[in-house]
file start.cif (mmCIF, C-alpha atoms and all ligand atoms)
data_entry
#
loop_
_atom_site.label_atom_id
_atom_site.label_comp_id
_atom_site.auth_asym_id
_atom_site.auth_seq_id
_atom_site.Cartn_x
_atom_site.Cartn_y
_atom_site.Cartn_z
CA MET A 232 21.27 -2.34 -25.65
CA ARG A 233 19.85 -4.71 -23.02
CA ILE A 234 18.30 -2.61 -20.28
CA ALA A 235 17.40 -4.41 -17.05
CA ILE A 236 14.60 -3.14 -14.79
CA LEU A 237 13.96 -4.03 -11.16
CA THR A 238 11.62 -2.85 -8.44
CA SER A 239 12.84 -3.02 -4.87
CA GLY A 240 11.76 -2.28 -1.31
CA GLY A 241 8.21 -1.29 -0.33
CA ASP A 242 5.95 -1.40 -3.38
CA ALA A 243 4.34 1.87 -4.50
CA PRO A 244 1.33 2.45 -6.77
CA GLY A 245 2.73 3.75 -10.04
CA MET A 246 5.78 1.49 -10.10
CA ASN A 247 4.16 -0.42 -12.92
CA ALA A 248 3.77 2.80 -14.91
CA ALA A 249 7.52 3.31 -14.65
CA VAL A 250 8.26 -0.31 -15.61
CA ARG A 251 5.87 -0.03 -18.56
CA ALA A 252 7.42 3.26 -19.76
CA VAL A 253 10.99 1.94 -19.49
CA ALA A 254 10.05 -1.18 -21.45
CA MET A 255 7.96 0.53 -24.13
CA VAL A 256 10.35 3.43 -24.72
CA ALA A 257 13.31 1.01 -24.86
CA ILE A 258 11.53 -1.19 -27.40
CA SER A 259 10.43 1.84 -29.44
CA LEU A 260 14.09 2.91 -29.64
CA GLY A 261 15.21 -0.55 -30.75
CA HIS A 262 16.57 -1.81 -27.41
CA GLU A 263 15.81 -4.91 -25.31
CA PRO A 264 14.21 -4.48 -21.88
CA VAL A 265 14.96 -7.26 -19.40
CA ALA A 266 12.75 -7.87 -16.35
CA VAL A 267 14.43 -8.70 -13.03
CA ARG A 268 11.93 -10.36 -10.68
CA HIS A 269 11.88 -9.94 -6.87
CA GLY A 270 14.26 -7.00 -6.69
CA TYR A 271 17.90 -7.47 -5.70
CA ARG A 272 17.16 -10.92 -4.30
CA GLY A 273 15.92 -12.02 -7.73
CA LEU A 274 18.86 -10.31 -9.42
CA VAL A 275 21.35 -12.34 -7.39
CA ALA A 276 19.32 -15.48 -8.10
CA GLY A 277 19.40 -14.73 -11.84
CA GLU A 278 15.62 -14.20 -12.21
CA LEU A 279 15.94 -12.32 -15.52
CA GLU A 280 13.67 -12.60 -18.54
CA PRO A 281 12.91 -10.53 -21.65
CA LEU A 282 10.16 -7.98 -21.19
CA ARG A 283 7.80 -7.73 -24.16
CA THR A 284 5.25 -5.05 -25.00
CA GLU A 285 2.42 -7.48 -24.32
CA ASP A 286 3.81 -8.06 -20.83
CA VAL A 287 3.48 -4.40 -19.85
CA VAL A 288 0.90 -2.72 -22.03
CA ASP A 289 -1.95 -3.32 -19.54
CA ILE A 290 -0.12 -2.88 -16.20
CA LEU A 291 -0.46 0.93 -16.05
CA ARG A 292 -3.65 0.73 -13.96
CA VAL A 293 -2.41 -2.02 -11.61
CA GLY A 294 -1.07 -1.29 -8.12
CA GLY A 295 1.97 -2.91 -6.60
CA THR A 296 4.69 -4.10 -8.99
CA CYS A 297 4.36 -6.74 -11.72
CA LEU A 298 8.08 -7.50 -11.27
CA GLN A 299 7.42 -8.14 -7.57
CA SER A 300 9.79 -6.85 -4.94
CA ALA A 301 11.70 -8.13 -1.94
CA ARG A 302 13.76 -6.75 0.86
CA CYS A 303 17.32 -8.02 0.44
CA LEU A 304 19.44 -7.39 3.52
CA GLU A 305 22.27 -9.52 2.12
CA PHE A 306 22.74 -6.87 -0.57
CA HIS A 307 24.69 -4.92 2.05
CA GLU A 308 27.51 -7.46 1.54
CA PRO A 309 30.06 -6.76 -1.24
CA ARG A 310 30.09 -10.41 -2.29
CA THR A 311 26.34 -10.33 -2.91
CA ARG A 312 26.74 -7.22 -5.05
CA SER A 313 29.62 -8.84 -6.92
CA ALA A 314 27.36 -11.82 -7.70
CA ALA A 315 24.70 -9.41 -8.94
CA ARG A 316 27.19 -7.71 -11.27
CA SER A 317 28.19 -11.06 -12.73
CA VAL A 318 24.57 -12.00 -13.39
CA LEU A 319 24.02 -8.78 -15.33
CA THR A 320 27.30 -9.03 -17.22
CA GLU A 321 26.67 -12.65 -18.22
CA ALA A 322 23.16 -11.69 -19.39
CA GLY A 323 24.67 -9.06 -21.69
CA VAL A 324 22.94 -6.26 -19.80
CA GLU A 325 24.51 -2.83 -20.36
CA ALA A 326 22.15 -0.66 -18.28
CA LEU A 327 20.00 -1.04 -15.16
CA VAL A 328 16.97 0.94 -13.96
CA VAL A 329 16.32 0.61 -10.21
CA ILE A 330 12.82 1.66 -9.12
CA GLY A 331 12.52 2.00 -5.35
CA GLY A 332 13.09 3.98 -2.18
CA ASN A 333 16.03 5.04 -0.06
CA GLY A 334 17.30 1.52 0.61
CA SER A 335 16.97 0.46 -3.03
CA LEU A 336 18.77 3.55 -4.33
CA THR A 337 21.51 3.01 -1.74
CA GLY A 338 21.89 -0.50 -3.18
CA ALA A 339 22.11 0.96 -6.70
CA LEU A 340 24.86 3.33 -5.60
CA ALA A 341 26.85 0.53 -3.97
CA LEU A 342 26.32 -1.84 -6.92
CA SER A 343 27.82 0.76 -9.25
CA ASP A 344 30.56 1.99 -6.90
CA PRO A 345 33.67 2.14 -9.12
CA ASP A 346 35.90 1.45 -6.10
CA GLU A 347 34.10 -1.88 -5.72
CA ALA A 348 32.93 -2.60 -9.27
CA GLY A 349 36.13 -1.61 -11.06
CA ASP A 350 35.52 -1.25 -14.80
CA TRP A 351 32.12 -2.93 -14.64
CA PRO A 352 30.43 -1.30 -17.67
CA VAL A 353 26.76 -1.36 -16.62
CA ARG A 354 25.23 2.10 -16.26
CA VAL A 355 22.70 2.59 -13.46
CA VAL A 356 19.86 5.13 -13.13
CA GLY A 357 17.35 5.25 -10.26
CA ILE A 358 13.66 6.17 -10.18
CA PRO A 359 12.30 7.31 -6.76
CA ALA A 360 9.34 5.18 -5.66
CA SER A 361 8.21 5.43 -2.04
CA ILE A 362 4.79 6.33 -0.67
CA ASP A 363 6.60 8.02 2.25
CA ASN A 364 8.01 10.76 -0.02
CA ASP A 365 11.21 10.33 1.99
CA ILE A 366 13.70 10.77 -0.89
CA ALA A 367 15.49 14.10 -1.20
CA LEU A 368 16.13 16.25 -4.26
CA THR A 369 12.90 15.16 -5.89
CA SER A 370 9.72 17.03 -5.08
CA LEU A 371 7.73 13.81 -5.30
CA SER A 372 8.32 10.07 -5.42
CA ILE A 373 6.07 7.58 -7.20
CA GLY A 374 3.22 6.35 -4.99
CA VAL A 375 2.76 9.42 -2.81
CA ASP A 376 -0.23 10.82 -4.66
CA THR A 377 -2.12 7.51 -4.62
CA ALA A 378 -1.33 6.95 -0.94
CA MET A 379 -2.61 10.46 -0.19
CA ASN A 380 -5.86 9.73 -2.03
CA THR A 381 -6.26 6.46 -0.11
CA ILE A 382 -5.79 8.22 3.24
CA VAL A 383 -8.19 11.02 2.30
CA GLU A 384 -10.82 8.50 1.20
CA ALA A 385 -10.43 6.62 4.50
CA CYS A 386 -10.64 9.83 6.55
CA ASP A 387 -13.77 10.93 4.67
CA ARG A 388 -15.37 7.60 5.63
CA ILE A 389 -14.23 7.92 9.24
CA ALA A 390 -15.60 11.47 9.37
CA ASP A 391 -19.10 10.08 8.73
CA THR A 392 -19.02 7.77 11.77
CA ALA A 393 -17.15 10.34 13.87
CA SER A 394 -19.99 12.77 13.20
CA ALA A 395 -22.66 10.16 13.82
CA HIS A 396 -21.22 9.23 17.21
CA ASP A 397 -19.52 12.53 18.07
CA ARG A 398 -16.23 10.68 18.49
CA VAL A 399 -12.51 11.46 18.46
CA PHE A 400 -10.58 9.31 15.96
CA LEU A 401 -6.85 8.65 15.88
CA VAL A 402 -5.97 7.60 12.31
CA GLU A 403 -2.47 6.12 11.94
CA VAL A 404 -0.86 6.26 8.50
CA MET A 405 2.33 4.81 7.03
CA GLY A 406 5.58 6.73 6.69
CA ARG A 407 8.27 4.75 8.57
CA ASP A 408 10.78 7.59 9.20
CA CYS A 409 9.04 10.49 7.50
CA GLY A 410 5.87 12.33 8.46
CA TYR A 411 5.14 13.77 5.03
CA LEU A 412 2.14 11.51 4.30
CA ALA A 413 0.56 12.39 7.65
CA MET A 414 1.20 16.12 7.18
CA ALA A 415 -0.03 16.37 3.61
CA SER A 416 -3.04 14.08 4.00
CA ALA A 417 -4.11 15.94 7.14
CA VAL A 418 -4.42 19.08 5.02
CA ALA A 419 -6.12 17.26 2.15
CA ALA A 420 -8.54 15.41 4.45
CA GLY A 421 -9.34 18.46 6.55
CA ALA A 422 -8.16 16.70 9.71
CA ASP A 423 -8.35 18.65 12.97
CA MET A 424 -4.72 18.00 13.84
CA VAL A 425 -1.71 15.95 12.83
CA LEU A 426 1.14 14.26 14.74
CA PHE A 427 4.45 13.68 12.95
CA PRO A 428 7.96 12.79 14.23
CA GLU A 429 9.64 15.85 12.70
CA ALA A 430 7.92 18.04 15.34
CA ASP A 431 9.88 16.08 17.97
CA ARG A 432 7.15 16.37 20.63
CA SER A 433 7.39 14.52 23.95
CA GLU A 434 4.66 12.01 24.81
CA ALA A 435 3.10 14.53 27.20
CA GLU A 436 3.11 17.17 24.46
CA LEU A 437 1.50 14.71 22.02
CA VAL A 438 -1.29 13.95 24.49
CA ASP A 439 -1.76 17.61 25.27
CA SER A 440 -1.95 18.62 21.61
CA VAL A 441 -4.72 16.07 20.92
CA VAL A 442 -6.63 17.08 24.06
CA GLU A 443 -6.29 20.77 23.21
CA ALA A 444 -7.64 20.07 19.70
CA VAL A 445 -10.66 18.24 21.14
CA LEU A 446 -11.36 21.04 23.63
CA ALA A 447 -10.99 23.68 20.90
CA VAL A 448 -13.41 21.89 18.56
CA ARG A 449 -15.86 21.46 21.41
CA ALA A 450 -15.62 25.15 22.30
CA ARG A 451 -16.03 26.27 18.70
CA GLN A 452 -18.51 23.74 17.39
CA GLY A 453 -20.07 22.14 20.44
CA THR A 454 -19.11 18.71 19.16
CA GLN A 455 -16.13 16.42 19.57
CA LYS A 456 -16.04 14.97 16.07
CA VAL A 457 -12.26 15.22 15.83
CA ILE A 458 -9.92 13.46 13.42
CA ALA A 459 -6.25 13.39 14.43
CA ILE A 460 -3.87 11.86 11.88
CA LYS A 461 -0.76 10.22 13.35
CA ALA A 462 2.34 9.17 11.45
CA GLU A 463 3.48 5.61 12.28
CA GLY A 464 6.92 7.06 13.07
CA ILE A 465 5.57 8.59 16.32
CA GLU A 466 7.04 6.35 19.04
CA THR A 467 3.98 6.32 21.30
CA SER A 468 1.69 3.60 19.98
CA SER A 469 -1.80 4.59 18.91
CA ALA A 470 -3.26 2.33 21.61
CA ASP A 471 -1.18 4.00 24.33
CA LEU A 472 -1.95 7.46 22.97
CA LYS A 473 -5.68 6.69 23.05
CA GLU A 474 -5.54 5.62 26.72
CA LEU A 475 -3.53 8.71 27.69
CA VAL A 476 -5.82 11.07 25.75
CA ASP A 477 -8.99 9.55 27.20
CA ALA A 478 -7.62 9.76 30.73
CA GLU A 479 -6.64 13.41 30.25
CA LEU A 480 -9.98 14.28 28.64
CA ARG A 481 -11.82 12.80 31.62
CA VAL A 482 -9.79 15.04 33.90
CA ARG A 483 -10.20 18.14 31.73
CA CYS A 484 -13.88 17.70 30.85
CA ASP A 485 -16.90 17.18 32.95
CA ASP A 486 -17.58 13.82 31.39
CA THR A 487 -21.21 13.93 32.35
CA GLU A 488 -21.44 16.40 29.45
CA VAL A 489 -20.01 14.03 26.89
CA GLU A 490 -18.86 10.43 26.64
CA VAL A 491 -15.10 10.20 26.09
CA GLU A 492 -14.47 7.29 23.75
CA THR A 493 -11.56 7.85 21.36
CA ARG A 494 -11.35 5.27 18.58
CA ILE A 495 -8.29 4.14 16.61
CA THR A 496 -7.93 3.21 12.94
CA VAL A 497 -4.51 1.96 11.79
CA LEU A 498 -4.52 2.10 7.98
CA GLY A 499 -1.26 0.14 7.63
CA HIS A 500 -0.65 -1.48 4.25
CA VAL A 501 -4.00 -0.31 2.93
CA VAL A 502 -2.16 2.97 2.29
CA ARG A 503 0.27 1.22 -0.08
CA GLY A 504 -2.28 -0.70 -2.16
CA GLY A 505 -4.79 0.22 -4.76
CA ARG A 506 -4.88 1.31 -8.38
CA PRO A 507 -2.41 4.14 -9.04
CA SER A 508 -3.88 7.63 -9.37
CA ALA A 509 -3.72 9.47 -12.66
CA PHE A 510 -0.81 11.53 -11.38
CA ASP A 511 1.21 8.52 -10.27
CA ARG A 512 0.64 6.92 -13.66
CA LEU A 513 1.85 10.14 -15.27
CA LEU A 514 4.82 10.50 -12.89
CA GLY A 515 5.88 6.88 -13.33
CA SER A 516 5.54 7.08 -17.09
CA ARG A 517 7.49 10.34 -17.42
CA MET A 518 10.25 9.18 -15.09
CA GLY A 519 10.53 5.85 -16.87
CA ASN A 520 10.81 7.63 -20.21
CA VAL A 521 13.55 9.95 -18.92
CA ALA A 522 15.43 7.09 -17.24
CA VAL A 523 15.77 5.15 -20.50
CA ARG A 524 16.68 8.15 -22.62
CA SER A 525 19.20 9.34 -20.02
CA LEU A 526 20.88 5.92 -19.94
CA LEU A 527 21.14 6.05 -23.72
CA ASP A 528 22.66 9.53 -23.35
CA GLY A 529 25.29 7.98 -21.08
CA SER A 530 23.88 9.05 -17.67
CA HIS A 531 25.17 6.91 -14.78
CA ARG A 532 24.72 6.80 -10.97
CA THR A 533 21.93 9.37 -11.20
CA MET A 534 18.29 9.47 -10.17
CA VAL A 535 15.41 10.92 -12.17
CA ALA A 536 14.05 13.69 -9.92
CA TRP A 537 10.73 15.49 -10.25
CA GLN A 538 11.47 19.20 -10.03
CA PRO A 539 9.25 22.20 -10.86
CA PRO A 540 10.27 23.72 -14.21
CA VAL A 541 12.23 26.50 -12.47
CA ASP A 542 15.83 25.98 -11.50
CA ALA A 543 14.97 24.97 -7.94
CA SER A 544 17.75 22.43 -7.78
CA ASP A 545 20.44 24.85 -6.56
CA GLY A 546 22.55 24.06 -9.57
CA LEU A 547 22.67 20.36 -8.67
CA GLY A 548 22.16 17.90 -11.49
CA GLU A 549 20.97 18.86 -14.93
CA ARG A 550 17.52 19.42 -16.41
CA SER A 551 16.55 16.58 -18.74
CA PRO A 552 16.20 17.58 -22.40
CA HIS A 553 13.43 14.99 -22.62
CA ASP A 554 11.16 16.55 -20.02
CA PRO A 555 11.49 20.04 -18.44
CA TYR A 556 10.05 18.71 -15.16
CA CYS A 557 12.71 16.07 -14.77
CA HIS A 558 16.29 16.52 -13.61
CA LEU A 559 19.10 14.01 -13.43
CA MET A 560 20.53 14.30 -9.92
CA PRO A 561 23.84 12.70 -8.90
CA LEU A 562 22.80 9.63 -6.91
CA GLU A 563 25.50 10.31 -4.34
CA SER A 564 24.10 13.82 -3.70
CA VAL A 565 20.57 12.40 -3.45
CA LEU A 566 21.52 9.91 -0.74
CA ALA A 567 23.62 12.39 1.23
CA ALA A 568 20.71 14.87 1.20
CA THR A 569 18.26 12.08 2.10
CA GLU A 570 20.29 11.27 5.19
CA GLN A 571 20.04 14.95 6.18
CA LEU A 572 16.30 14.98 5.42
CA LEU A 573 15.57 11.91 7.56
CA GLY A 574 17.68 13.32 10.36
CA GLY A 575 15.47 16.39 10.37
CA GLN A 576 18.51 18.54 9.58
CA SER A 577 17.77 19.59 6.03
CA PRO A 578 16.12 22.97 5.31
CA LEU A 579 13.19 21.00 3.81
CA ALA A 580 12.75 18.88 6.96
CA ARG A 581 12.94 21.97 9.15
CA TRP A 582 10.44 23.76 6.95
CA ARG A 583 8.11 20.76 7.03
CA ALA A 584 8.30 20.66 10.82
CA THR A 585 7.43 24.32 11.23
CA VAL A 586 5.01 24.94 8.39
CA PHE A 587 2.16 23.39 10.39
CA ASP A 588 2.68 25.88 13.23
CA ASP A 589 1.66 28.57 10.76
CA MET A 590 -1.28 26.45 9.63
CA HIS A 591 -2.42 25.63 13.18
CA ASP A 592 -5.57 27.70 12.90
CA ILE A 593 -6.54 25.97 9.66
CA PHE A 594 -6.87 22.66 11.54
CA LEU A 595 -8.77 24.10 14.48
CA LEU A 596 -11.60 25.50 12.42
O1 LIG B 1 8.66 2.54 2.95
C1 LIG B 1 7.34 2.33 2.67
C2 LIG B 1 6.65 1.64 3.82
O2 LIG B 1 5.33 1.42 3.45
C3 LIG B 1 6.69 2.43 5.12
O3 LIG B 1 5.78 3.52 5.14
C4 LIG B 1 6.35 1.36 6.10
O4 LIG B 1 6.75 1.66 7.43
C5 LIG B 1 7.16 0.16 5.54
O5 LIG B 1 7.24 0.38 4.13
C6 LIG B 1 6.53 -1.18 5.82
O6 LIG B 1 7.43 -2.17 5.34
P1 LIG B 1 6.92 -3.68 5.11
O7 LIG B 1 5.97 -3.66 3.98
O8 LIG B 1 8.20 -4.43 4.80
O9 LIG B 1 6.26 -4.09 6.39
#
call {"tool": "encode", "arguments": {"input": "start.cif", "output": "structure tokens"}}
result
Amino acid sequence: MRIAILTSGGDAPGMNAAVRAVAMVAISLGHEPVAVRHGYRGLVAGELEPLRTEDVVDILRVGGTCLQSARCLEFHEPRTRSAARSVLTEAGVEALVVIGGNGSLTGALALSDPDEAGDWPVRVVGIPASIDNDIALTSLSIGVDTAMNTIVEACDRIADTASAHDRVFLVEVMGRDCGYLAMASAVAAGADMVLFPEADRSEAELVDSVVEAVLAVRARQGTQKVIAIKAEGIETSSADLKELVDAELRVRCDDTEVEVETRITVLGHVVRGGRPSAFDRLLGSRMGNVAVRSLLDGSHRTMVAWQPPVDASDGLGERSPHDPYCHLMPLESVLAATEQLLGGQSPLARWRATVFDDMHDIFLL
């Protein structure tokens, strides 16, 4: 069987582990992996080529994606998807692995929609890869662990200069629509507070929460070495938030006691780069393995989901016989639940928004 592989959307460290596993497991089982370069845009352009063991054996430790990626807005059009189906059919491809985030998996669902594709025989399985961890029904996506380590490393470095100068730092991290990276890395980095869109705070409440954290640290520790992590999805820009916080601190503190000089660090795409962590290499490899074996079992329009080895999936999907941690979730269910998650309506989103209330004291040591 010819099995095509593409990576799409924002790159994520560990994508290459998944590509490598799909290719090496396919070859070991006597099948032919086919690389699609530049995501859906490359698929439509016919950028397909055989993927050999020597092409992938050393990519496990490399960040980004060796297949490259692209955002492909035209894939929203049925005629573009029809062209993509023809390319795969003419190349003799019988299965496709899509490695990417919410947008990429939405494209996979549309590409394989029987109402549109008719009796198009190509089976499609998705692998969740997004540093934002913004894909539902999987406890983790590829790239999250590495991004977390990158943020923690950056915050550890910032903590040194914050201590040296007794400064407040606003550290902005990626996470387009989802505050998971900010929340989780705040705990891992020992930040003093965290701002994320799921809490739905007004601008005044955002300013007040940072000011309160600074005053609390000053009262407890006599310093103002404060690190506040802010998800990029917070509408108030970091620059505006700094000005508002400084102005409020000057009002609330007798600034002859201490110089108010909040600093900003926007980590941006640094968060997405770097060599994948051991866990992301493991996650990518295990998901790639399950994706191939599931396609060979006949799975279609599903996503490999990382679930704890207890039946936490509410009966959705099925546990993979190839790996007790992996489930095969119906792609349609994944995307419907993702829409709920991003809208802050899912139980998980609500839990995420409230869990930090309970952990408030942990931040304000
Ligand atoms: O979805 C992953 C992500 O890194 C988001 O966190 C971020 O907002 C977005 O991609 C950036 O997209 P681009 O790389 O196209 O600027």
call {"tool": "residues_near_ligand", "arguments": {"input": "start.cif", "ligand": "ligand LIG 1 (chain B)", "cutoff": "8 Å", "atoms": "only C-alpha atoms and all ligand atoms", "output": "ChimeraX atom specification"}}
result
/A:240-243,302,332,361-363,404-408,463-464,499-500,502-503
call {"tool": "residues_around", "arguments": {"input": "start.cif", "residues": "Arg316 (chain A)", "least_positions_apart": "6", "cutoff": "9 Å", "atoms": "all atoms listed in the file", "output": "JSON, numbers by chain"}}
result
{"A": [274, 275, 342, 343, 348, 351, 353]}
call {"tool": "residues_around", "arguments": {"input": "start.cif", "residues": "region 439-448 of chain A", "least_positions_apart": "3", "cutoff": "9 Å", "atoms": "all atoms listed in the file", "output": "list in words"}}
result
Val399, Asp423, Met424, Val425, Leu426, Glu434, Ala435, Glu436, Arg451, Gln452, Gly453, Thr454, Gln455, Lys456, Val457, Ala459, Val476, Asp477, Glu479, Leu480, Arg483, Cys484, Phe594, Leu595 and Leu596 of chain A
call {"tool": "atom_distance", "arguments": {"input": "start.cif", "atom1": "CA of Leu514 (chain A)", "atom2": "CA of Phe306 (chain A)"}}
result
27.8 Å
call {"tool": "closest_residue", "arguments": {"input": "start.cif", "among": "A:Glu403, A:Asp554, A:Glu563, A:Asp485", "to": "His531 (chain A)", "atoms": "all atoms listed in the file"}}
result
A:Glu563
call {"tool": "residues_around", "arguments": {"input": "start.cif", "residues": "Ala422 (chain A)", "least_positions_apart": "3", "cutoff": "10 Å", "atoms": "all atoms listed in the file", "output": "list in words"}}
result
Val383, Cys386, Asp387, Ala390, Phe400, Val402, Ala413, Met414, Ser416, Ala417, Val418, Ala419, Val425, Val457, Ile458, Ala459, Ile460, Ile593, Phe594, Leu595 and Leu596 of chain A
call {"tool": "residues_around", "arguments": {"input": "start.cif", "residues": "Leu513 (chain A)", "least_positions_apart": "2", "cutoff": "12 Å", "atoms": "all atoms listed in the file", "output": "number ranges by chain"}}
result
A: 244-249, 251-252, 291-292, 372-374, 376-377, 507-511, 515-520, 537, 556
call {"tool": "closest_residue", "arguments": {"input": "start.cif", "among": "A:Val250, A:Val293, A:Cys409, A:Ala568", "to": "Ile330 (chain A)", "atoms": "all atoms listed in the file"}}
result
A:Val250
call {"tool": "axis_aligned_box", "arguments": {"input": "start.cif", "around": "region 303-313 of chain A", "padding_each_side": "6 Å", "output": "JSON"}}
result
{"center_x": 23.7, "center_y": -7.7, "center_z": -1.7, "size_x": 24.8, "size_y": 17.5, "size_z": 22.4}
call {"tool": "closest_residue", "arguments": {"input": "start.cif", "among": "A:Leu579, A:Ala257, A:Leu566, A:Met379", "to": "Ser525 (chain A)", "atoms": "only C-alpha atoms"}}
result
A:Ala257
call {"tool": "atom_distance", "arguments": {"input": "start.cif", "atom1": "CA of Pro359 (chain A)", "atom2": "CA of Thr238 (chain A)"}}
result
10.3 Å
call {"tool": "closest_residue", "arguments": {"input": "start.cif", "among": "A:Ile382, A:Val523, A:Ala301, A:Leu279", "to": "Thr320 (chain A)", "atoms": "only C-alpha atoms"}}
result
A:Leu279
call {"tool": "residues_near_point", "arguments": {"input": "start.cif", "point": "(20.1, 4.2, -3.8)", "cutoff": "9 Å", "atoms": "only C-alpha atoms", "output": "number ranges by chain"}}
result
A: 329, 331-341, 357, 359, 532, 534, 562-563, 565-566
call {"tool": "atom_distance", "arguments": {"input": "start.cif", "atom1": "CA of Ser469 (chain A)", "atom2": "CA of Arg432 (chain A)"}}
result
14.9 Å
call {"tool": "residues_around", "arguments": {"input": "start.cif", "residues": "Ala584 (chain A)", "least_positions_apart": "3", "cutoff": "8 Å", "atoms": "all atoms listed in the file", "output": "CSV table (one decimal) with C-alpha atoms, in the frame of the given file"}}
result
chain,number,residue,atom,x,y,z
A,429,GLU,CA,9.6,15.8,12.7
A,430,ALA,CA,7.9,18.0,15.3
A,580,ALA,CA,12.8,18.9,7.0
A,581,ARG,CA,12.9,22.0,9.2
A,587,PHE,CA,2.2,23.4,10.4
call {"tool": "closest_residue", "arguments": {"input": "start.cif", "among": "A:Asp286, A:Glu321, A:Glu384, A:Glu549", "to": "Ala254 (chain A)", "atoms": "only C-alpha atoms"}}
result
A:Asp286
call {"tool": "build_atoms", "arguments": {"input": "start.cif", "residues": "region 547-552 of chain A", "atoms": "all heavy atoms", "output": "JSON list (two decimals), in the frame of the given file"}}
result
[["chain", "number", "residue", "atom", "x", "y", "z"],
["A", 547, "LEU", "N", 22.32, 21.79, -8.70],
["A", 547, "LEU", "CA", 22.67, 20.36, -8.67],
["A", 547, "LEU", "C", 22.06, 19.67, -9.90],
["A", 547, "LEU", "O", 21.00, 20.04, -10.35],
["A", 547, "LEU", "CB", 22.08, 19.71, -7.41],
["A", 547, "LEU", "CG", 22.95, 19.59, -6.18],
["A", 547, "LEU", "CD1", 22.17, 18.93, -5.04],
["A", 547, "LEU", "CD2", 24.19, 18.74, -6.50],
["A", 548, "GLY", "N", 22.73, 18.70, -10.41],
["A", 548, "GLY", "CA", 22.16, 17.90, -11.49],
["A", 548, "GLY", "C", 21.95, 18.72, -12.76],
["A", 548, "GLY", "O", 22.46, 19.84, -12.87],
["A", 549, "GLU", "N", 21.23, 18.15, -13.66],
["A", 549, "GLU", "CA", 20.97, 18.86, -14.93],
["A", 549, "GLU", "C", 19.52, 18.60, -15.33],
["A", 549, "GLU", "O", 18.99, 17.51, -15.11],
["A", 549, "GLU", "CB", 21.92, 18.33, -16.00],
["A", 549, "GLU", "CG", 21.65, 16.87, -16.32],
["A", 549, "GLU", "CD", 22.83, 16.15, -16.99],
["A", 549, "GLU", "OE1", 23.94, 16.69, -16.92],
["A", 549, "GLU", "OE2", 22.60, 15.06, -17.52],
["A", 550, "ARG", "N", 18.89, 19.60, -15.95],
["A", 550, "ARG", "CA", 17.52, 19.42, -16.41],
["A", 550, "ARG", "C", 17.53, 18.50, -17.63],
["A", 550, "ARG", "O", 18.40, 18.60, -18.49],
["A", 550, "ARG", "CB", 16.93, 20.78, -16.80],
["A", 550, "ARG", "CG", 15.43, 20.73, -17.12],
["A", 550, "ARG", "CD", 14.94, 22.07, -17.62],
["A", 550, "ARG", "NE", 15.25, 23.15, -16.70],
["A", 550, "ARG", "CZ", 14.59, 23.36, -15.56],
["A", 550, "ARG", "NH1", 13.60, 22.55, -15.23],
["A", 550, "ARG", "NH2", 14.89, 24.36, -14.77],
["A", 551, "SER", "N", 16.57, 17.54, -17.62],
["A", 551, "SER", "CA", 16.55, 16.58, -18.74],
["A", 551, "SER", "C", 16.05, 17.27, -20.01],
["A", 551, "SER", "O", 15.06, 18.00, -19.97],
["A", 551, "SER", "CB", 15.60, 15.43, -18.39],
["A", 551, "SER", "OG", 15.22, 14.75, -19.57],
["A", 552, "PRO", "N", 16.71, 17.02, -21.14],
["A", 552, "PRO", "CA", 16.20, 17.58, -22.40],
["A", 552, "PRO", "C", 14.91, 16.88, -22.85],
["A", 552, "PRO", "O", 14.20, 17.35, -23.70],
["A", 552, "PRO", "CB", 17.33, 17.31, -23.40],
["A", 552, "PRO", "CG", 18.09, 16.15, -22.83],
["A", 552, "PRO", "CD", 17.97, 16.26, -21.33]]
